[in-house]
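Encoded as structure tokens, the structure appears first; notes follow it.
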Amino acid sequence: MSDQMPSLDTFMEGLRQRNPGQDEFVQAVHDVAQDIWGWIEDKPRYHEAEILRRIAEPDRIVSFRVCWEDDDHNIRVERGWRVQNNNAIGPYKGGLRFDESVNESVLKFLAFEQTFKNSLTGLPMGGGKGGSNFNPKGKSDAEIMRFCQSFMTELYRHIGPNTDVPAGDMGVGSREIGYLFGQYKRLTGRWEGALTGKALEYGGSQMRPEATGYGAVYFLRAALKEAGEKIDGKTAIVSGSGNVALHAARKLVDCGAKVVTLSDSDGFVHDPDGFDNDKLDWIYDLKLERRGRISEYADEYSRAEFHEGKAPWAVESDLALPCATQNELDEDDAKALLDNDVLAVCEGANMPSTTEAADAFREAGIIFAPAKAANAGGVAVSGLEMSQNAERVSWDSDTLDDKLVALMEDIHDKCVEHAGETGEDGAVDYARGANIAGFRKVADAMLAYGVI
Ligand SMILES: NC(=O)C1=CN([C@@H]2O[C@H](COP(=O)(O)OP(=O)(O)OC[C@H]3O[C@@H](n4cnc5c(N)ncnc54)[C@H](OP(=O)(O)O)[C@@H]3O)[C@@H](O)[C@H]2O)C=CC1
Ligand SMILES: O=C(O)CCC(=O)C(=O)O
């Protein structure tokens, strides 16, 4: 047994050597380890049992070939993965991402983060993530269907309601979940809740599509309240225009904020008048149905401007919600936000801030709501979808919205409880609180199992 705890630098150097070239994964582990290290120093039961090192080594990674035929009868070959990171507190649970940027490092970082996030929800879910480097942009429905069916033809062996329950993430919405679930059902001959994010007609949950974006705003609302502030009357900038961004924007508007930006991978639109519900309906149709580009908004609404190739962080705002992708907000962006006196940054996407940007927010003492806490509403309602499937019941949307509010407020309170002392100005370190609270439950379960 090693009773001498290595330094954080030694731990990170070992991790880097064991995971060469996996920058996103190393970043995600570092961001957790920097808070856990000090906390476990006087708790030998955690460091002697090498708990963090064990959580940072996925239980297993399944990698497979996904072969499909495009509409022109060309044979296409992609790679699929499922990273089953840790099932100490429940079946592996986490989304599937289809995007050309997907690789093992990205999925390992997401599965690692998911382990802590799912722990914070208080529901019995372990952490996993999967996906493919398949690029769904510009593909026909028939191509998407053939790809999903081929992907599931391997994945079905590794998942199940008590084993591993995937869901959507970037590039995987209700259309893809329909094709994936249909193929799972065909291959196994069983209807069972092996996926979440299903449509309501076949076992989906009310509020799952809205849950991540709404949940982020519920977390933000609780954090603002803690600081004696509120959303009403504030100006907000949001990045992304997918599932998370659009539902976050909708809930911000409901709460009285003026949301002035949305973006996609081509650039951002700035509407100085703000998006009202009619404009948001138009964007939902553009992005979630017609699968168009956010630049088209500026053609439709003449007061808006499209900024090609840019992110929205230099636009003046009180609230900033990065809801697109990892590392979309760097140190310079953080400086621009802080120079504009941003009050709160709430992460809807997974790890959208670089380490340097997150450190800048934490040092400045503004409200910084980290992804693993702020965007946990999506997976929490997925957990409730699992419960409804197991009990063969369907709850109505008001019930689910009430449960989501309660879950997000509970996560908020856990972060406050574990954050340690507040700063001189009363600032709560939500990142530290989320890391420690998320770690503690998984770590205690692992200790109970002994060395496995
Ligand atoms: N869906 C969920 O329930 C959950 C999602 N998340 C996280 O939220 C984030 C967004 O997911 P989700 O909304 O589901 O995904 P979607 O696929 O619905 O939307 C992603 C959005 O981000 C944009 N985007 C992608 N890459 C970039 C980039 N490099 N720069 C700028 N914009 C970009 C996309 O633009 P384009 O149209 O050009 O591709 C699109 O608008 C991800 O980090 C995901 O992991 C976290 C918790 C749960
Ligand atoms: O709903 C789920 O299981 C997964 C959601 C997800 O992928 C995430 O929280 O990042």
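The way I read the labels, and the way they are meant: chains A, B, ... in the order of the structure tokens, residue 1 as the first residue of every chain, and ligand 1 as the first ligand shown, with later ones counted on from there.
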
Sel. of helix (DSSP H, G or I) residues, stretch 200-313 of chain A, as a PyMOL selection string: chain A and resi 200-202+208-226+243-254+277-289+296-300

Please, could you write that set of residues out with N, CA and C atoms as a short mmCIF file (atom, residue, chain, number, x, y, z; two decimals), in the first residue's frame?
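The new file part-v2.cif reads:
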data_model
loop_
_atom_site.label_atom_id
_atom_site.label_comp_id
_atom_site.auth_asym_id
_atom_site.auth_seq_id
_atom_site.Cartn_x
_atom_site.Cartn_y
_atom_site.Cartn_z
N LEU A 200 -42.10 10.35 -27.19
CA LEU A 200 -43.16 10.02 -26.22
C LEU A 200 -43.96 8.80 -26.64
N GLU A 201 -44.12 8.60 -27.97
CA GLU A 201 -44.95 7.49 -28.47
C GLU A 201 -44.42 6.14 -28.05
N TYR A 202 -43.12 6.03 -27.83
CA TYR A 202 -42.58 4.70 -27.50
C TYR A 202 -41.69 4.73 -26.26
N ARG A 208 -37.65 15.56 -21.47
CA ARG A 208 -36.26 15.20 -21.74
C ARG A 208 -35.62 16.15 -22.76
N PRO A 209 -36.33 16.50 -23.88
CA PRO A 209 -35.65 17.41 -24.83
C PRO A 209 -35.27 18.74 -24.18
N GLU A 210 -36.14 19.23 -23.31
CA GLU A 210 -35.92 20.56 -22.71
C GLU A 210 -34.93 20.52 -21.55
N ALA A 211 -34.73 19.31 -20.97
CA ALA A 211 -34.16 19.22 -19.62
C ALA A 211 -32.76 19.82 -19.46
N THR A 212 -31.88 19.64 -20.44
CA THR A 212 -30.50 20.14 -20.23
C THR A 212 -30.48 21.67 -20.22
N GLY A 213 -31.15 22.27 -21.22
CA GLY A 213 -31.16 23.74 -21.30
C GLY A 213 -31.95 24.36 -20.15
N TYR A 214 -33.13 23.83 -19.89
CA TYR A 214 -33.93 24.36 -18.77
C TYR A 214 -33.17 24.17 -17.45
N GLY A 215 -32.60 22.98 -17.30
CA GLY A 215 -31.90 22.67 -16.05
C GLY A 215 -30.74 23.64 -15.81
N ALA A 216 -30.02 24.00 -16.88
CA ALA A 216 -28.89 24.93 -16.73
C ALA A 216 -29.41 26.28 -16.21
N VAL A 217 -30.57 26.69 -16.73
CA VAL A 217 -31.11 27.98 -16.29
C VAL A 217 -31.64 27.87 -14.85
N TYR A 218 -32.17 26.71 -14.48
CA TYR A 218 -32.61 26.54 -13.08
C TYR A 218 -31.40 26.61 -12.14
N PHE A 219 -30.28 26.01 -12.57
CA PHE A 219 -29.07 26.08 -11.74
C PHE A 219 -28.60 27.54 -11.63
N LEU A 220 -28.57 28.21 -12.77
CA LEU A 220 -28.14 29.61 -12.80
C LEU A 220 -29.04 30.46 -11.89
N ARG A 221 -30.34 30.21 -11.97
CA ARG A 221 -31.29 30.97 -11.14
C ARG A 221 -30.98 30.78 -9.65
N ALA A 222 -30.67 29.52 -9.28
CA ALA A 222 -30.36 29.24 -7.87
C ALA A 222 -29.06 29.94 -7.46
N ALA A 223 -28.07 29.93 -8.37
CA ALA A 223 -26.78 30.55 -8.03
C ALA A 223 -26.91 32.07 -7.93
N LEU A 224 -27.72 32.65 -8.82
CA LEU A 224 -27.95 34.10 -8.75
C LEU A 224 -28.67 34.45 -7.45
N LYS A 225 -29.64 33.60 -7.08
CA LYS A 225 -30.39 33.87 -5.84
C LYS A 225 -29.45 33.84 -4.64
N GLU A 226 -28.55 32.86 -4.64
CA GLU A 226 -27.56 32.73 -3.57
C GLU A 226 -26.75 34.04 -3.43
N ASN A 243 -29.89 21.51 -29.32
CA ASN A 243 -30.84 21.16 -28.26
C ASN A 243 -30.62 21.99 -27.00
N VAL A 244 -29.40 22.03 -26.52
CA VAL A 244 -29.13 22.67 -25.22
C VAL A 244 -29.29 24.19 -25.33
N ALA A 245 -28.67 24.78 -26.35
CA ALA A 245 -28.68 26.24 -26.49
C ALA A 245 -30.10 26.77 -26.65
N LEU A 246 -30.90 26.12 -27.49
CA LEU A 246 -32.24 26.67 -27.77
C LEU A 246 -33.15 26.56 -26.56
N HIS A 247 -33.06 25.46 -25.84
CA HIS A 247 -33.91 25.35 -24.64
C HIS A 247 -33.41 26.26 -23.52
N ALA A 248 -32.11 26.47 -23.44
CA ALA A 248 -31.60 27.43 -22.44
C ALA A 248 -32.10 28.83 -22.79
N ALA A 249 -32.03 29.18 -24.09
CA ALA A 249 -32.48 30.51 -24.50
C ALA A 249 -33.97 30.68 -24.18
N ARG A 250 -34.75 29.66 -24.46
CA ARG A 250 -36.20 29.73 -24.21
C ARG A 250 -36.47 29.98 -22.73
N LYS A 251 -35.80 29.25 -21.87
CA LYS A 251 -36.06 29.40 -20.42
C LYS A 251 -35.54 30.74 -19.91
N LEU A 252 -34.42 31.21 -20.46
CA LEU A 252 -33.93 32.55 -20.06
C LEU A 252 -34.97 33.61 -20.39
N VAL A 253 -35.55 33.50 -21.59
CA VAL A 253 -36.57 34.46 -22.01
C VAL A 253 -37.78 34.35 -21.07
N ASP A 254 -38.20 33.13 -20.77
CA ASP A 254 -39.32 32.92 -19.81
C ASP A 254 -39.04 33.61 -18.47
N ASN A 277 -40.26 34.81 -28.16
CA ASN A 277 -40.68 33.42 -28.39
C ASN A 277 -40.97 33.13 -29.86
N ASP A 278 -41.49 34.14 -30.61
CA ASP A 278 -41.76 33.90 -32.04
C ASP A 278 -40.45 33.70 -32.80
N LYS A 279 -39.47 34.52 -32.47
CA LYS A 279 -38.17 34.37 -33.16
C LYS A 279 -37.55 33.02 -32.79
N LEU A 280 -37.69 32.64 -31.52
CA LEU A 280 -37.14 31.34 -31.12
C LEU A 280 -37.85 30.19 -31.84
N ASP A 281 -39.17 30.30 -32.01
CA ASP A 281 -39.89 29.26 -32.77
C ASP A 281 -39.31 29.14 -34.17
N TRP A 282 -39.01 30.30 -34.78
CA TRP A 282 -38.45 30.29 -36.14
C TRP A 282 -37.08 29.57 -36.13
N ILE A 283 -36.29 29.85 -35.10
CA ILE A 283 -34.95 29.22 -35.04
C ILE A 283 -35.06 27.71 -34.74
N TYR A 284 -36.00 27.32 -33.89
CA TYR A 284 -36.20 25.88 -33.62
C TYR A 284 -36.47 25.16 -34.93
N ASP A 285 -37.35 25.78 -35.74
CA ASP A 285 -37.69 25.14 -37.01
C ASP A 285 -36.46 25.09 -37.92
N LEU A 286 -35.72 26.21 -37.97
CA LEU A 286 -34.52 26.27 -38.82
C LEU A 286 -33.50 25.20 -38.41
N LYS A 287 -33.17 25.13 -37.12
CA LYS A 287 -32.04 24.29 -36.69
C LYS A 287 -32.45 22.85 -36.40
N LEU A 288 -33.64 22.66 -35.79
CA LEU A 288 -33.97 21.30 -35.35
C LEU A 288 -34.80 20.54 -36.39
N GLU A 289 -35.47 21.27 -37.31
CA GLU A 289 -36.29 20.58 -38.33
C GLU A 289 -35.63 20.69 -39.71
N GLU A 296 -28.85 32.21 -41.53
CA GLU A 296 -30.12 32.49 -42.22
C GLU A 296 -31.02 33.38 -41.37
N TYR A 297 -30.77 33.41 -40.05
CA TYR A 297 -31.57 34.26 -39.17
C TYR A 297 -31.41 35.74 -39.56
N ALA A 298 -30.17 36.12 -39.90
CA ALA A 298 -29.91 37.52 -40.24
C ALA A 298 -30.55 37.89 -41.58
N ASP A 299 -30.83 36.91 -42.44
CA ASP A 299 -31.55 37.20 -43.68
C ASP A 299 -33.04 37.43 -43.37
N GLU A 300 -33.53 36.72 -42.37
CA GLU A 300 -34.96 36.79 -42.03
C GLU A 300 -35.27 38.03 -41.18
#

Excluding A:Ala257 and any residue of its chain fewer than 5 positions from it, enumerate the residues within 8 Å of it, using only C-alpha atoms, and give them as a ChimeraX atom specification. /A:231-236,252

Considering only strand (DSSP E) as DSSP defines it on the backbone, what residues of stretch 166-382 of chain A qualify? List them as an MDAnalysis selection string. chainID A and resid 166:168 235:238 258:264 267:270 305:308 319:321 344:346 367:369

Would you write out those residues with C-alpha atoms, as a compact mmCIF listing (two decimals), in the first residue's frame?
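Contents of the output file result37.txt:
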# COMPACT_ATOMS: atom_id res chain seq x y z
CA PRO A 166 -27.00 5.48 -23.92
CA ALA A 167 -28.91 8.62 -24.97
CA GLY A 168 -28.40 11.58 -27.33
CA THR A 235 -28.85 40.49 -20.92
CA ALA A 236 -27.60 37.02 -21.89
CA ILE A 237 -25.33 35.68 -24.61
CA VAL A 238 -25.70 32.03 -25.58
CA LYS A 258 -32.95 39.41 -23.02
CA VAL A 259 -30.99 36.81 -25.05
CA VAL A 260 -29.06 38.52 -27.83
CA THR A 261 -26.85 35.85 -29.43
CA LEU A 262 -26.90 32.27 -30.70
CA SER A 263 -24.30 30.56 -32.87
CA ASP A 264 -23.29 27.49 -34.84
CA GLY A 267 -20.39 31.97 -36.62
CA PHE A 268 -22.86 33.84 -34.42
CA VAL A 269 -25.96 36.01 -34.86
CA HIS A 270 -26.44 39.10 -32.71
CA GLU A 305 -26.09 40.73 -37.78
CA PHE A 306 -24.20 37.55 -38.61
CA HIS A 307 -20.52 37.41 -37.57
CA GLU A 308 -18.85 34.75 -39.63
CA LEU A 319 -24.91 36.31 -18.28
CA ALA A 320 -22.94 34.02 -20.61
CA LEU A 321 -24.01 30.47 -21.44
CA ALA A 344 -22.23 34.78 -14.31
CA VAL A 345 -20.97 32.12 -16.71
CA CYS A 346 -23.10 28.99 -16.81
CA ILE A 367 -20.52 33.06 -10.53
CA PHE A 368 -19.02 30.20 -12.54
CA ALA A 369 -21.44 27.27 -12.91

Compute the set of protein, DNA and RNA residues whose minimum atom distance to ligand 1 is at most 6 Å, using only C-alpha atoms and all ligand atoms, and state it as a PyMOL selection string. chain A and resi 168-171+212+240-245+264-266+323-326+348-350+375+378

Grab the residues selected above and save them as a CSV table (one decimal), in the first residue's frame with C-alpha atoms.
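Contents of the output file selection_37.csv:
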chain,number,residue,atom,x,y,z
A,168,GLY,CA,-28.4,11.6,-27.3
A,169,ASP,CA,-25.6,14.2,-27.4
A,170,MET,CA,-24.3,16.3,-30.2
A,171,GLY,CA,-25.6,15.1,-33.6
A,212,THR,CA,-30.5,20.1,-20.2
A,240,GLY,CA,-24.7,27.1,-30.0
A,241,SER,CA,-28.2,26.6,-31.5
A,242,GLY,CA,-28.8,23.0,-30.9
A,243,ASN,CA,-30.8,21.2,-28.3
A,244,VAL,CA,-29.1,22.7,-25.2
A,245,ALA,CA,-28.7,26.2,-26.5
A,264,ASP,CA,-23.3,27.5,-34.8
A,265,SER,CA,-20.0,26.2,-36.2
A,266,ASP,CA,-20.1,28.9,-38.9
A,323,CYS,CA,-23.8,25.7,-25.0
A,324,ALA,CA,-22.0,24.5,-28.1
A,325,THR,CA,-18.9,22.3,-27.6
A,326,GLN,CA,-15.7,21.7,-25.6
A,348,GLY,CA,-24.5,24.3,-20.9
A,349,ALA,CA,-22.0,22.4,-23.0
A,350,ASN,CA,-19.5,19.9,-21.6
A,375,ASN,CA,-25.9,20.7,-17.4
A,378,GLY,CA,-30.5,16.3,-19.1

Residues within 9 Å of ligand 2, counting only C-alpha atoms and all ligand atoms, as number ranges by chain: A: 92-97, 110-111, 113-114, 117-118, 127-130, 165-170, 195-197, 208, 212, 349-350, 371-372, 375-383

Would you save the residues of that selection, restricted to C-alpha atoms, as a short mmCIF file (atom, residue, chain, number, x, y, z; two decimals), in the first residue's frame?
data_model
loop_
_atom_site.label_atom_id
_atom_site.label_comp_id
_atom_site.auth_asym_id
_atom_site.auth_seq_id
_atom_site.Cartn_x
_atom_site.Cartn_y
_atom_site.Cartn_z
CA TYR A 92 -23.24 3.22 -17.23
CA LYS A 93 -25.21 6.19 -18.51
CA GLY A 94 -24.35 8.91 -20.99
CA GLY A 95 -24.96 10.13 -24.48
CA LEU A 96 -23.82 9.22 -27.98
CA ARG A 97 -22.12 11.87 -30.11
CA LEU A 110 -16.97 13.03 -21.72
CA ALA A 111 -17.35 9.65 -19.96
CA GLU A 113 -17.08 14.02 -16.64
CA GLN A 114 -20.31 12.05 -16.87
CA LYS A 117 -22.19 14.62 -13.15
CA ASN A 118 -24.36 11.54 -12.73
CA GLY A 127 -20.73 7.23 -16.27
CA GLY A 128 -20.33 6.34 -19.93
CA LYS A 129 -20.24 8.00 -23.33
CA GLY A 130 -20.02 6.84 -26.91
CA VAL A 165 -28.09 3.10 -21.13
CA PRO A 166 -27.00 5.48 -23.92
CA ALA A 167 -28.91 8.62 -24.97
CA GLY A 168 -28.40 11.58 -27.33
CA ASP A 169 -25.61 14.16 -27.38
CA MET A 170 -24.30 16.31 -30.24
CA LEU A 195 -31.87 4.01 -24.47
CA THR A 196 -33.26 7.32 -23.20
CA GLY A 197 -34.27 10.38 -25.16
CA ARG A 208 -36.26 15.20 -21.74
CA THR A 212 -30.50 20.14 -20.23
CA ALA A 349 -22.00 22.38 -23.01
CA ASN A 350 -19.49 19.87 -21.61
CA ALA A 371 -20.82 21.92 -16.75
CA LYS A 372 -20.94 18.82 -14.59
CA ASN A 375 -25.95 20.72 -17.44
CA ALA A 376 -26.86 17.69 -15.31
CA GLY A 377 -30.59 18.25 -15.89
CA GLY A 378 -30.53 16.28 -19.14
CA VAL A 379 -29.11 13.11 -17.71
CA ALA A 380 -31.24 13.55 -14.56
CA VAL A 381 -34.44 13.45 -16.63
CA SER A 382 -32.94 10.50 -18.53
CA GLY A 383 -32.68 8.81 -15.13
#

Identify which of the residues A:Ala194, A:Ala88, A:Ile366, A:Ala227 lies closest to A:Asp59, counting only C-alpha atoms when measuring atom-to-atom distances. A:Ala88
